[in-house]
file final.csv (CSV, N, CA and C atoms)
chain,number,residue,atom,x,y,z
A,1,MET,N,113.3,-104.2,-11.9
A,1,MET,CA,112.8,-105.0,-10.7
A,1,MET,C,111.3,-104.9,-10.6
A,2,ILE,N,110.7,-103.8,-10.8
A,2,ILE,CA,109.2,-103.6,-10.6
A,2,ILE,C,108.6,-104.4,-11.8
A,3,ARG,N,109.1,-104.2,-13.0
A,3,ARG,CA,108.5,-105.0,-14.1
A,3,ARG,C,108.6,-106.5,-13.9
A,4,GLY,N,109.7,-106.9,-13.3
A,4,GLY,CA,109.9,-108.3,-13.0
A,4,GLY,C,108.9,-108.9,-12.0
A,5,GLN,N,108.4,-108.1,-11.1
A,5,GLN,CA,107.4,-108.5,-10.2
A,5,GLN,C,106.1,-108.7,-10.9
A,6,PHE,N,105.8,-107.9,-11.9
A,6,PHE,CA,104.6,-108.1,-12.7
A,6,PHE,C,104.6,-109.5,-13.4
A,7,ASP,N,105.8,-109.9,-13.8
A,7,ASP,CA,105.9,-111.2,-14.5
A,7,ASP,C,105.6,-112.3,-13.5
A,8,ARG,N,105.8,-112.1,-12.2
A,8,ARG,CA,105.5,-113.2,-11.2
A,8,ARG,C,104.0,-113.3,-11.0
A,9,ILE,N,103.3,-112.3,-11.2
A,9,ILE,CA,101.8,-112.3,-10.8
A,9,ILE,C,100.9,-112.3,-12.0
A,10,CYS,N,101.5,-112.2,-13.2
A,10,CYS,CA,100.7,-112.2,-14.4
A,10,CYS,C,100.9,-113.5,-15.1
A,11,ALA,N,99.8,-114.0,-15.8
A,11,ALA,CA,99.9,-115.2,-16.5
A,11,ALA,C,100.5,-115.1,-17.9
A,12,ARG,N,100.6,-113.9,-18.4
A,12,ARG,CA,101.2,-113.7,-19.7
A,12,ARG,C,102.1,-112.4,-19.6
A,13,PRO,N,103.0,-112.2,-20.5
A,13,PRO,CA,103.8,-111.0,-20.5
A,13,PRO,C,103.0,-109.8,-20.6
A,14,VAL,N,103.3,-108.8,-19.9
A,14,VAL,CA,102.6,-107.5,-19.9
A,14,VAL,C,103.6,-106.4,-20.2
A,15,ASP,N,103.1,-105.3,-20.8
A,15,ASP,CA,103.9,-104.1,-21.0
A,15,ASP,C,103.4,-103.1,-19.9
A,16,VAL,N,104.2,-103.0,-18.9
A,16,VAL,CA,103.8,-102.1,-17.8
A,16,VAL,C,104.2,-100.7,-18.2
A,17,PRO,N,103.2,-99.8,-18.2
A,17,PRO,CA,103.4,-98.4,-18.6
A,17,PRO,C,104.4,-97.7,-17.7
A,18,ASP,N,105.2,-96.9,-18.2
A,18,ASP,CA,106.2,-96.2,-17.5
A,18,ASP,C,105.7,-95.4,-16.3
A,19,ASP,N,104.5,-94.8,-16.5
A,19,ASP,CA,103.9,-94.0,-15.4
A,19,ASP,C,103.5,-94.9,-14.2
A,20,VAL,N,103.1,-96.1,-14.5
A,20,VAL,CA,102.8,-97.1,-13.4
A,20,VAL,C,104.1,-97.4,-12.6
A,21,VAL,N,105.1,-97.7,-13.3
A,21,VAL,CA,106.4,-97.9,-12.7
A,21,VAL,C,106.9,-96.7,-11.9
A,22,ALA,N,106.8,-95.5,-12.4
A,22,ALA,CA,107.2,-94.3,-11.7
A,22,ALA,C,106.3,-94.2,-10.4
A,23,ASP,N,105.0,-94.4,-10.5
A,23,ASP,CA,104.2,-94.3,-9.3
A,23,ASP,C,104.6,-95.3,-8.3
A,24,LEU,N,104.9,-96.5,-8.7
A,24,LEU,CA,105.3,-97.6,-7.7
A,24,LEU,C,106.7,-97.2,-7.1
A,25,ARG,N,107.6,-96.6,-7.9
A,25,ARG,CA,108.9,-96.2,-7.4
A,25,ARG,C,108.8,-95.2,-6.3
A,26,ARG,N,107.7,-94.4,-6.3
A,26,ARG,CA,107.5,-93.3,-5.3
A,26,ARG,C,107.0,-93.9,-4.0
A,27,THR,N,106.5,-95.1,-4.0
A,27,THR,CA,106.0,-95.7,-2.8
A,27,THR,C,107.2,-96.2,-2.0
A,28,THR,N,107.1,-95.7,-0.7
A,28,THR,CA,108.2,-96.1,0.2
A,28,THR,C,108.0,-97.6,0.7
A,29,TYR,N,109.1,-98.2,1.0
A,29,TYR,CA,109.0,-99.6,1.5
A,29,TYR,C,108.1,-99.7,2.8
A,30,PRO,N,108.3,-98.8,3.8
A,30,PRO,CA,107.4,-98.8,4.9
A,30,PRO,C,105.9,-98.7,4.6
A,31,ALA,N,105.6,-97.8,3.6
A,31,ALA,CA,104.2,-97.6,3.2
A,31,ALA,C,103.7,-98.9,2.5
A,32,LEU,N,104.5,-99.5,1.7
A,32,LEU,CA,104.1,-100.7,1.0
A,32,LEU,C,103.8,-101.8,2.0
A,33,ARG,N,104.7,-102.0,3.0
A,33,ARG,CA,104.5,-103.0,4.0
A,33,ARG,C,103.2,-102.8,4.8
A,34,LYS,N,103.0,-101.5,5.1
A,34,LYS,CA,101.8,-101.2,5.9
A,34,LYS,C,100.5,-101.5,5.0
A,35,VAL,N,100.5,-101.2,3.8
A,35,VAL,CA,99.4,-101.5,2.9
A,35,VAL,C,99.2,-103.0,2.8
A,36,LEU,N,100.2,-103.7,2.7
A,36,LEU,CA,100.1,-105.2,2.6
A,36,LEU,C,99.6,-105.8,3.9
A,37,ARG,N,100.1,-105.3,5.0
A,37,ARG,CA,99.6,-105.8,6.3
A,37,ARG,C,98.1,-105.5,6.5
A,38,ARG,N,97.8,-104.3,6.2
A,38,ARG,CA,96.4,-103.9,6.4
A,38,ARG,C,95.4,-104.6,5.4
A,39,SER,N,95.9,-104.8,4.2
A,39,SER,CA,95.1,-105.5,3.3
A,39,SER,C,94.8,-106.9,3.7
A,40,ALA,N,95.9,-107.6,4.2
A,40,ALA,CA,95.8,-109.0,4.7
A,40,ALA,C,94.8,-109.0,5.9
A,41,ALA,N,94.9,-108.1,6.8
A,41,ALA,CA,94.1,-108.0,8.0
A,41,ALA,C,92.6,-107.8,7.5
A,42,TYR,N,92.4,-106.9,6.6
A,42,TYR,CA,91.1,-106.6,6.1
A,42,TYR,C,90.4,-107.9,5.5
A,43,LEU,N,91.1,-108.6,4.7
A,43,LEU,CA,90.6,-109.8,4.1
A,43,LEU,C,90.5,-111.0,5.0
A,44,THR,N,91.3,-111.0,6.1
A,44,THR,CA,91.2,-112.1,7.1
A,44,THR,C,90.0,-111.9,7.9
A,45,GLU,N,89.7,-110.6,8.2
A,45,GLU,CA,88.5,-110.3,9.0
A,45,GLU,C,87.2,-110.8,8.3
A,46,ARG,N,87.2,-110.5,7.0
A,46,ARG,CA,86.0,-110.9,6.2
A,46,ARG,C,86.4,-110.9,4.7
A,47,ASN,N,86.3,-112.0,4.1
A,47,ASN,CA,86.8,-112.1,2.7
A,47,ASN,C,86.0,-111.3,1.7
A,48,LEU,N,86.5,-111.1,0.6
A,48,LEU,CA,86.0,-110.2,-0.4
A,48,LEU,C,84.6,-110.6,-0.9
A,49,PRO,N,84.3,-111.9,-1.2
A,49,PRO,CA,83.0,-112.3,-1.5
A,49,PRO,C,81.9,-112.0,-0.4
A,50,ALA,N,82.3,-112.2,0.8
A,50,ALA,CA,81.4,-111.8,1.9
A,50,ALA,C,81.1,-110.3,2.0
A,51,ARG,N,82.1,-109.5,1.7
A,51,ARG,CA,81.9,-108.1,1.7
A,51,ARG,C,81.1,-107.6,0.6
A,52,LEU,N,81.3,-108.2,-0.6
A,52,LEU,CA,80.5,-107.9,-1.8
A,52,LEU,C,79.0,-108.3,-1.6
A,53,ALA,N,78.8,-109.4,-1.0
A,53,ALA,CA,77.5,-110.0,-0.8
A,53,ALA,C,76.6,-109.0,0.0
A,54,ALA,N,77.3,-108.2,0.9
A,54,ALA,CA,76.5,-107.3,1.7
A,54,ALA,C,76.0,-106.1,1.0
A,55,LEU,N,76.6,-105.8,-0.2
A,55,LEU,CA,76.2,-104.7,-1.0
A,55,LEU,C,74.9,-105.0,-1.8
A,56,ASP,N,74.1,-104.0,-1.9
A,56,ASP,CA,72.9,-104.1,-2.7
A,56,ASP,C,73.0,-103.4,-4.0
A,57,VAL,N,74.1,-103.8,-4.8
A,57,VAL,CA,74.3,-103.2,-6.1
A,57,VAL,C,74.8,-104.2,-7.0
A,58,PRO,N,74.7,-104.0,-8.3
A,58,PRO,CA,75.3,-105.0,-9.2
A,58,PRO,C,76.8,-105.0,-9.1
A,59,VAL,N,77.4,-106.1,-9.2
A,59,VAL,CA,78.9,-106.3,-9.1
A,59,VAL,C,79.4,-107.1,-10.3
A,60,LEU,N,80.5,-106.6,-10.8
A,60,LEU,CA,81.3,-107.3,-11.9
A,60,LEU,C,82.5,-107.9,-11.2
A,61,VAL,N,82.7,-109.2,-11.3
A,61,VAL,CA,83.9,-109.9,-10.8
A,61,VAL,C,84.6,-110.4,-12.0
A,62,ILE,N,85.9,-109.9,-12.2
A,62,ILE,CA,86.7,-110.5,-13.3
A,62,ILE,C,87.8,-111.2,-12.6
A,63,PHE,N,87.8,-112.5,-12.8
A,63,PHE,CA,88.7,-113.5,-12.1
A,63,PHE,C,89.5,-114.2,-13.2
A,64,GLY,N,90.7,-113.9,-13.3
A,64,GLY,CA,91.6,-114.6,-14.3
A,64,GLY,C,91.6,-116.1,-14.1
A,65,ALA,N,91.4,-116.8,-15.2
A,65,ALA,CA,91.4,-118.2,-15.2
A,65,ALA,C,92.8,-118.8,-14.9
A,66,ALA,N,93.8,-117.9,-15.1
A,66,ALA,CA,95.2,-118.4,-14.9
A,66,ALA,C,95.8,-117.6,-13.7
A,67,GLU,N,95.0,-117.2,-12.8
A,67,GLU,CA,95.5,-116.5,-11.6
A,67,GLU,C,96.4,-117.3,-10.8
A,68,PRO,N,97.7,-116.9,-10.7
A,68,PRO,CA,98.7,-117.8,-10.1
A,68,PRO,C,98.6,-117.9,-8.6
A,69,ARG,N,97.9,-117.0,-7.9
A,69,ARG,CA,97.9,-117.0,-6.5
A,69,ARG,C,96.7,-117.7,-5.9
A,70,TYR,N,95.6,-117.9,-6.7
A,70,TYR,CA,94.4,-118.5,-6.2
A,70,TYR,C,94.0,-119.7,-7.1
A,71,ALA,N,93.5,-120.7,-6.5
A,71,ALA,CA,93.0,-121.8,-7.3
A,71,ALA,C,91.8,-121.4,-8.2
A,72,PRO,N,91.7,-121.8,-9.4
A,72,PRO,CA,90.6,-121.4,-10.3
A,72,PRO,C,89.2,-121.7,-9.7
A,73,SER,N,89.2,-122.8,-8.9
A,73,SER,CA,87.9,-123.1,-8.3
A,73,SER,C,87.4,-122.1,-7.3
A,74,SER,N,88.3,-121.3,-6.8
A,74,SER,CA,87.9,-120.3,-5.7
A,74,SER,C,87.0,-119.2,-6.3
A,75,VAL,N,86.9,-119.2,-7.6
A,75,VAL,CA,86.0,-118.2,-8.2
A,75,VAL,C,84.5,-118.5,-7.7
A,76,HIS,N,84.2,-119.7,-7.4
A,76,HIS,CA,82.9,-120.1,-7.0
A,76,HIS,C,82.5,-119.5,-5.7
A,77,GLN,N,83.4,-118.9,-4.9
A,77,GLN,CA,83.1,-118.2,-3.7
A,77,GLN,C,82.2,-117.0,-4.0
A,78,TYR,N,82.3,-116.5,-5.2
A,78,TYR,CA,81.5,-115.3,-5.7
A,78,TYR,C,80.1,-115.7,-6.1
A,79,ASP,N,79.8,-117.0,-6.1
A,79,ASP,CA,78.4,-117.4,-6.4
A,79,ASP,C,77.5,-116.9,-5.3
A,80,ALA,N,78.0,-116.7,-4.1
A,80,ALA,CA,77.2,-116.2,-3.0
A,80,ALA,C,76.9,-114.7,-3.1
A,81,VAL,N,77.4,-114.0,-4.0
A,81,VAL,CA,77.2,-112.6,-4.1
A,81,VAL,C,76.0,-112.3,-5.0
A,82,PRO,N,74.9,-111.8,-4.4
A,82,PRO,CA,73.7,-111.5,-5.2
A,82,PRO,C,74.0,-110.4,-6.2
A,83,ASN,N,73.4,-110.4,-7.4
A,83,ASN,CA,73.6,-109.4,-8.4
A,83,ASN,C,75.0,-109.4,-8.9
A,84,ALA,N,75.7,-110.5,-8.8
A,84,ALA,CA,77.1,-110.5,-9.3
A,84,ALA,C,77.1,-111.2,-10.7
A,85,ARG,N,77.9,-110.5,-11.5
A,85,ARG,CA,78.2,-111.1,-12.9
A,85,ARG,C,79.7,-111.5,-12.8
A,86,ILE,N,80.0,-112.8,-13.0
A,86,ILE,CA,81.3,-113.3,-12.8
A,86,ILE,C,81.8,-113.7,-14.2
A,87,GLU,N,83.0,-113.1,-14.5
A,87,GLU,CA,83.6,-113.3,-15.8
A,87,GLU,C,85.0,-113.9,-15.5
A,88,VAL,N,85.4,-115.0,-16.3
A,88,VAL,CA,86.7,-115.7,-16.1
A,88,VAL,C,87.4,-115.7,-17.4
A,89,PRO,N,88.1,-114.7,-17.8
A,89,PRO,CA,88.8,-114.7,-19.1
A,89,PRO,C,89.9,-115.7,-19.1
A,90,PRO,N,90.0,-116.5,-20.1
A,90,PRO,CA,91.1,-117.5,-20.2
A,90,PRO,C,92.5,-116.9,-20.4
A,91,GLY,N,93.5,-117.5,-19.8
A,91,GLY,CA,94.8,-117.1,-20.0
A,91,GLY,C,95.2,-115.8,-19.3
A,92,VAL,N,94.4,-115.3,-18.4
A,92,VAL,CA,94.6,-114.1,-17.7
A,92,VAL,C,94.8,-114.4,-16.2
A,93,GLY,N,95.7,-113.6,-15.6
A,93,GLY,CA,96.1,-113.9,-14.2
A,93,GLY,C,95.5,-112.8,-13.3
A,94,LEU,N,96.3,-112.2,-12.4
A,94,LEU,CA,95.9,-111.3,-11.4
A,94,LEU,C,95.5,-109.9,-11.9
A,95,LEU,N,96.1,-109.5,-13.0
A,95,LEU,CA,95.9,-108.1,-13.5
A,95,LEU,C,95.3,-108.1,-14.9
A,96,PRO,N,94.0,-108.4,-15.0
A,96,PRO,CA,93.4,-108.4,-16.4
A,96,PRO,C,93.5,-107.1,-17.1
A,97,MET,N,93.5,-106.0,-16.4
A,97,MET,CA,93.6,-104.7,-17.1
A,97,MET,C,94.9,-104.5,-17.8
A,98,PHE,N,96.0,-105.2,-17.4
A,98,PHE,CA,97.3,-105.2,-18.1
A,98,PHE,C,97.4,-106.4,-19.0
A,99,GLU,N,96.9,-107.5,-18.6
A,99,GLU,CA,97.1,-108.7,-19.4
A,99,GLU,C,96.2,-108.8,-20.6
A,100,ALA,N,95.0,-108.4,-20.5
A,100,ALA,CA,94.0,-108.4,-21.5
A,100,ALA,C,93.2,-107.1,-21.5
A,101,PRO,N,93.8,-106.0,-21.8
A,101,PRO,CA,93.1,-104.7,-21.7
A,101,PRO,C,91.8,-104.6,-22.6
A,102,ASP,N,91.9,-105.2,-23.8
A,102,ASP,CA,90.7,-105.1,-24.7
A,102,ASP,C,89.5,-105.9,-24.1
A,103,VAL,N,89.8,-107.2,-23.7
A,103,VAL,CA,88.8,-108.0,-23.1
A,103,VAL,C,88.2,-107.3,-21.8
A,104,THR,N,89.1,-106.8,-21.0
A,104,THR,CA,88.7,-106.1,-19.8
A,104,THR,C,87.8,-104.9,-20.0
A,105,SER,N,88.2,-104.1,-21.0
A,105,SER,CA,87.4,-102.9,-21.3
A,105,SER,C,86.1,-103.3,-21.9
A,106,GLU,N,86.0,-104.3,-22.7
A,106,GLU,CA,84.7,-104.7,-23.2
A,106,GLU,C,83.8,-105.2,-22.1
A,107,LEU,N,84.4,-106.0,-21.2
A,107,LEU,CA,83.6,-106.5,-20.0
A,107,LEU,C,83.0,-105.3,-19.2
A,108,LEU,N,83.9,-104.3,-18.9
A,108,LEU,CA,83.5,-103.2,-18.1
A,108,LEU,C,82.5,-102.3,-18.8
A,109,LEU,N,82.7,-102.1,-20.1
A,109,LEU,CA,81.7,-101.2,-20.9
A,109,LEU,C,80.4,-101.9,-21.0
A,110,ASP,N,80.4,-103.2,-21.2
A,110,ASP,CA,79.1,-104.0,-21.3
A,110,ASP,C,78.4,-104.0,-20.0
A,111,PHE,N,79.1,-104.2,-18.9
A,111,PHE,CA,78.6,-104.3,-17.6
A,111,PHE,C,77.9,-102.9,-17.2
A,112,ALA,N,78.7,-101.8,-17.5
A,112,ALA,CA,78.2,-100.5,-17.2
A,112,ALA,C,76.9,-100.2,-18.0
A,113,ALA,N,76.9,-100.6,-19.3
A,113,ALA,CA,75.8,-100.3,-20.1
A,113,ALA,C,74.5,-101.1,-19.6
A,114,ARG,N,74.7,-102.3,-19.2
A,114,ARG,CA,73.6,-103.2,-18.7
A,114,ARG,C,73.1,-102.6,-17.4
A,115,VAL,N,74.0,-102.2,-16.5
A,115,VAL,CA,73.5,-101.6,-15.2
A,115,VAL,C,72.8,-100.3,-15.5
A,116,ALA,N,73.2,-99.5,-16.4
A,116,ALA,CA,72.6,-98.3,-16.7
A,116,ALA,C,71.4,-98.5,-17.7
A,117,ASP,N,71.2,-99.7,-18.1
A,117,ASP,CA,70.1,-100.1,-19.1
A,117,ASP,C,70.2,-99.3,-20.4
A,118,THR,N,71.4,-99.2,-20.9
A,118,THR,CA,71.7,-98.5,-22.1
A,118,THR,C,72.5,-99.4,-23.1
A,119,PRO,N,72.4,-99.2,-24.4
A,119,PRO,CA,73.2,-100.1,-25.3
A,119,PRO,C,74.7,-99.9,-25.0
A,120,PRO,N,75.5,-101.0,-25.1
A,120,PRO,CA,76.9,-100.9,-24.8
A,120,PRO,C,77.6,-100.0,-25.9
A,121,ILE,N,78.6,-99.4,-25.6
A,121,ILE,CA,79.4,-98.6,-26.6
A,121,ILE,C,80.7,-99.3,-26.9
A,122,ALA,N,81.2,-99.1,-28.1
A,122,ALA,CA,82.5,-99.8,-28.4
A,122,ALA,C,83.6,-99.1,-27.8
A,123,PRO,N,84.6,-99.9,-27.4
A,123,PRO,CA,85.8,-99.2,-26.8
A,123,PRO,C,86.6,-98.4,-27.8
call {"tool": "encode", "arguments": {"input": "final.csv", "output": "structure tokens"}}
result
Amino acid sequence: MIRGQFDRICARPVDVPDDVVADLRRTTYPALRKVLRRSAAYLTERNLPARLAALDVPVLVIFGAAEPRYAPSSVHQYDAVPNARIEVPPGVGLLPMFEAPDVTSELLLDFAARVADTPPIAP
């Protein structure tokens, strides 16, 4: 059932690690509902791009081009974030770290190296 939910939010098939499934199974339904309600309230109060814009640090936004929950054009909301690097990997949905782990790790390593002003390392 848990793996099936990943299929609903990912743009491509993913291999969900057993430890992730085990962690999710330990989450109680009341706790999950509470997290979802509070997350929705948090983002309703002030959306994520507005929150990130208030930070004075470099930000990497990885927005899947095939994100099923948000229109691809909504990535432009992040244009208002100063010091933001916006990456839109094709064929990737909500969970780039599961859907395209190699691409995601390369983006993260390159971003970290540039922020630290050091040469990127290979994954």
call {"tool": "select_by_dssp", "arguments": {"input": "final.csv", "residues": "region 14-103 of chain A", "states": "alpha helix (DSSP H)", "output": "CSV table (one decimal) with N, CA and C atoms, in the coordinates of the input"}}
result
chain,number,residue,atom,x,y,z
A,18,ASP,N,105.2,-96.9,-18.2
A,18,ASP,CA,106.2,-96.2,-17.5
A,18,ASP,C,105.7,-95.4,-16.3
A,19,ASP,N,104.5,-94.8,-16.5
A,19,ASP,CA,103.9,-94.0,-15.4
A,19,ASP,C,103.5,-94.9,-14.2
A,20,VAL,N,103.1,-96.1,-14.5
A,20,VAL,CA,102.8,-97.1,-13.4
A,20,VAL,C,104.1,-97.4,-12.6
A,21,VAL,N,105.1,-97.7,-13.3
A,21,VAL,CA,106.4,-97.9,-12.7
A,21,VAL,C,106.9,-96.7,-11.9
A,22,ALA,N,106.8,-95.5,-12.4
A,22,ALA,CA,107.2,-94.3,-11.7
A,22,ALA,C,106.3,-94.2,-10.4
A,23,ASP,N,105.0,-94.4,-10.5
A,23,ASP,CA,104.2,-94.3,-9.3
A,23,ASP,C,104.6,-95.3,-8.3
A,24,LEU,N,104.9,-96.5,-8.7
A,24,LEU,CA,105.3,-97.6,-7.7
A,24,LEU,C,106.7,-97.2,-7.1
A,25,ARG,N,107.6,-96.6,-7.9
A,25,ARG,CA,108.9,-96.2,-7.4
A,25,ARG,C,108.8,-95.2,-6.3
A,29,TYR,N,109.1,-98.2,1.0
A,29,TYR,CA,109.0,-99.6,1.5
A,29,TYR,C,108.1,-99.7,2.8
A,30,PRO,N,108.3,-98.8,3.8
A,30,PRO,CA,107.4,-98.8,4.9
A,30,PRO,C,105.9,-98.7,4.6
A,31,ALA,N,105.6,-97.8,3.6
A,31,ALA,CA,104.2,-97.6,3.2
A,31,ALA,C,103.7,-98.9,2.5
A,32,LEU,N,104.5,-99.5,1.7
A,32,LEU,CA,104.1,-100.7,1.0
A,32,LEU,C,103.8,-101.8,2.0
A,33,ARG,N,104.7,-102.0,3.0
A,33,ARG,CA,104.5,-103.0,4.0
A,33,ARG,C,103.2,-102.8,4.8
A,34,LYS,N,103.0,-101.5,5.1
A,34,LYS,CA,101.8,-101.2,5.9
A,34,LYS,C,100.5,-101.5,5.0
A,35,VAL,N,100.5,-101.2,3.8
A,35,VAL,CA,99.4,-101.5,2.9
A,35,VAL,C,99.2,-103.0,2.8
A,36,LEU,N,100.2,-103.7,2.7
A,36,LEU,CA,100.1,-105.2,2.6
A,36,LEU,C,99.6,-105.8,3.9
A,37,ARG,N,100.1,-105.3,5.0
A,37,ARG,CA,99.6,-105.8,6.3
A,37,ARG,C,98.1,-105.5,6.5
A,38,ARG,N,97.8,-104.3,6.2
A,38,ARG,CA,96.4,-103.9,6.4
A,38,ARG,C,95.4,-104.6,5.4
A,39,SER,N,95.9,-104.8,4.2
A,39,SER,CA,95.1,-105.5,3.3
A,39,SER,C,94.8,-106.9,3.7
A,40,ALA,N,95.9,-107.6,4.2
A,40,ALA,CA,95.8,-109.0,4.7
A,40,ALA,C,94.8,-109.0,5.9
A,41,ALA,N,94.9,-108.1,6.8
A,41,ALA,CA,94.1,-108.0,8.0
A,41,ALA,C,92.6,-107.8,7.5
A,42,TYR,N,92.4,-106.9,6.6
A,42,TYR,CA,91.1,-106.6,6.1
A,42,TYR,C,90.4,-107.9,5.5
A,43,LEU,N,91.1,-108.6,4.7
A,43,LEU,CA,90.6,-109.8,4.1
A,43,LEU,C,90.5,-111.0,5.0
A,44,THR,N,91.3,-111.0,6.1
A,44,THR,CA,91.2,-112.1,7.1
A,44,THR,C,90.0,-111.9,7.9
A,45,GLU,N,89.7,-110.6,8.2
A,45,GLU,CA,88.5,-110.3,9.0
A,45,GLU,C,87.2,-110.8,8.3
A,48,LEU,N,86.5,-111.1,0.6
A,48,LEU,CA,86.0,-110.2,-0.4
A,48,LEU,C,84.6,-110.6,-0.9
A,49,PRO,N,84.3,-111.9,-1.2
A,49,PRO,CA,83.0,-112.3,-1.5
A,49,PRO,C,81.9,-112.0,-0.4
A,50,ALA,N,82.3,-112.2,0.8
A,50,ALA,CA,81.4,-111.8,1.9
A,50,ALA,C,81.1,-110.3,2.0
A,51,ARG,N,82.1,-109.5,1.7
A,51,ARG,CA,81.9,-108.1,1.7
A,51,ARG,C,81.1,-107.6,0.6
A,52,LEU,N,81.3,-108.2,-0.6
A,52,LEU,CA,80.5,-107.9,-1.8
A,52,LEU,C,79.0,-108.3,-1.6
A,53,ALA,N,78.8,-109.4,-1.0
A,53,ALA,CA,77.5,-110.0,-0.8
A,53,ALA,C,76.6,-109.0,0.0
A,96,PRO,N,94.0,-108.4,-15.0
A,96,PRO,CA,93.4,-108.4,-16.4
A,96,PRO,C,93.5,-107.1,-17.1
A,97,MET,N,93.5,-106.0,-16.4
A,97,MET,CA,93.6,-104.7,-17.1
A,97,MET,C,94.9,-104.5,-17.8
A,98,PHE,N,96.0,-105.2,-17.4
A,98,PHE,CA,97.3,-105.2,-18.1
A,98,PHE,C,97.4,-106.4,-19.0
A,99,GLU,N,96.9,-107.5,-18.6
A,99,GLU,CA,97.1,-108.7,-19.4
A,99,GLU,C,96.2,-108.8,-20.6
A,101,PRO,N,93.8,-106.0,-21.8
A,101,PRO,CA,93.1,-104.7,-21.7
A,101,PRO,C,91.8,-104.6,-22.6
A,102,ASP,N,91.9,-105.2,-23.8
A,102,ASP,CA,90.7,-105.1,-24.7
A,102,ASP,C,89.5,-105.9,-24.1
A,103,VAL,N,89.8,-107.2,-23.7
A,103,VAL,CA,88.8,-108.0,-23.1
A,103,VAL,C,88.2,-107.3,-21.8
call {"tool": "closest_residue", "arguments": {"input": "final.csv", "among": "A:Ala80, A:Val88, A:Ala113, A:Ala40", "to": "Ile62 (chain A)", "atoms": "all atoms listed in the file"}}
result
A:Val88
call {"tool": "atom_distance", "arguments": {"input": "final.csv", "atom1": "atom C of Leu48 (chain A)", "atom2": "atom C of Leu60 (chain A)"}}
result
10.9 Å
call {"tool": "atom_distance", "arguments": {"input": "final.csv", "atom1": "atom C of Val59 (chain A)", "atom2": "atom C of Asn83 (chain A)"}}
result
5.2 Å
call {"tool": "closest_residue", "arguments": {"input": "final.csv", "among": "A:Asp19, A:Pro30, A:Ser105, A:Pro82", "to": "Asp56 (chain A)", "atoms": "all atoms listed in the file"}}
result
A:Pro82
call {"tool": "atom_distance", "arguments": {"input": "final.csv", "atom1": "CA of Pro68 (chain A)", "atom2": "atom C of Leu55 (chain A)"}}
result
28.3 Å
call {"tool": "axis_aligned_box", "arguments": {"input": "final.csv", "around": "region 85-97 of chain A", "padding_each_side": "6 Å", "output": "lines of an AutoDock Vina configuration file"}}
result
center_x = 87.1
center_y = -111.0
center_z = -15.9
size_x = 30.4
size_y = 25.0
size_z = 21.0
call {"tool": "residues_around", "arguments": {"input": "final.csv", "residues": "Arg8 (chain A)", "least_positions_apart": "2", "cutoff": "8 Å", "atoms": "all atoms listed in the file", "output": "ChimeraX atom specification"}}
result
/A:3-6,10-11,68-69,94
call {"tool": "select_by_dssp", "arguments": {"input": "final.csv", "residues": "chain A", "states": "strand (DSSP E or B)", "output": "ChimeraX atom specification"}}
result
/A:59-62,84-87
call {"tool": "residues_around", "arguments": {"input": "final.csv", "residues": "Phe63 (chain A)", "least_positions_apart": "2", "cutoff": "8 Å", "atoms": "all atoms listed in the file", "output": "number ranges by chain"}}
result
A: 60-61, 65-67, 72, 75, 86-90, 92-94, 96
call {"tool": "residues_around", "arguments": {"input": "final.csv", "residues": "Ala84 (chain A)", "least_positions_apart": "5", "cutoff": "10 Å", "atoms": "only C-alpha atoms", "output": "list in words"}}
result
Pro49, Leu52, Ala53, Val57, Pro58, Val59, Leu60, Val61, Tyr78 and Asp79 of chain A
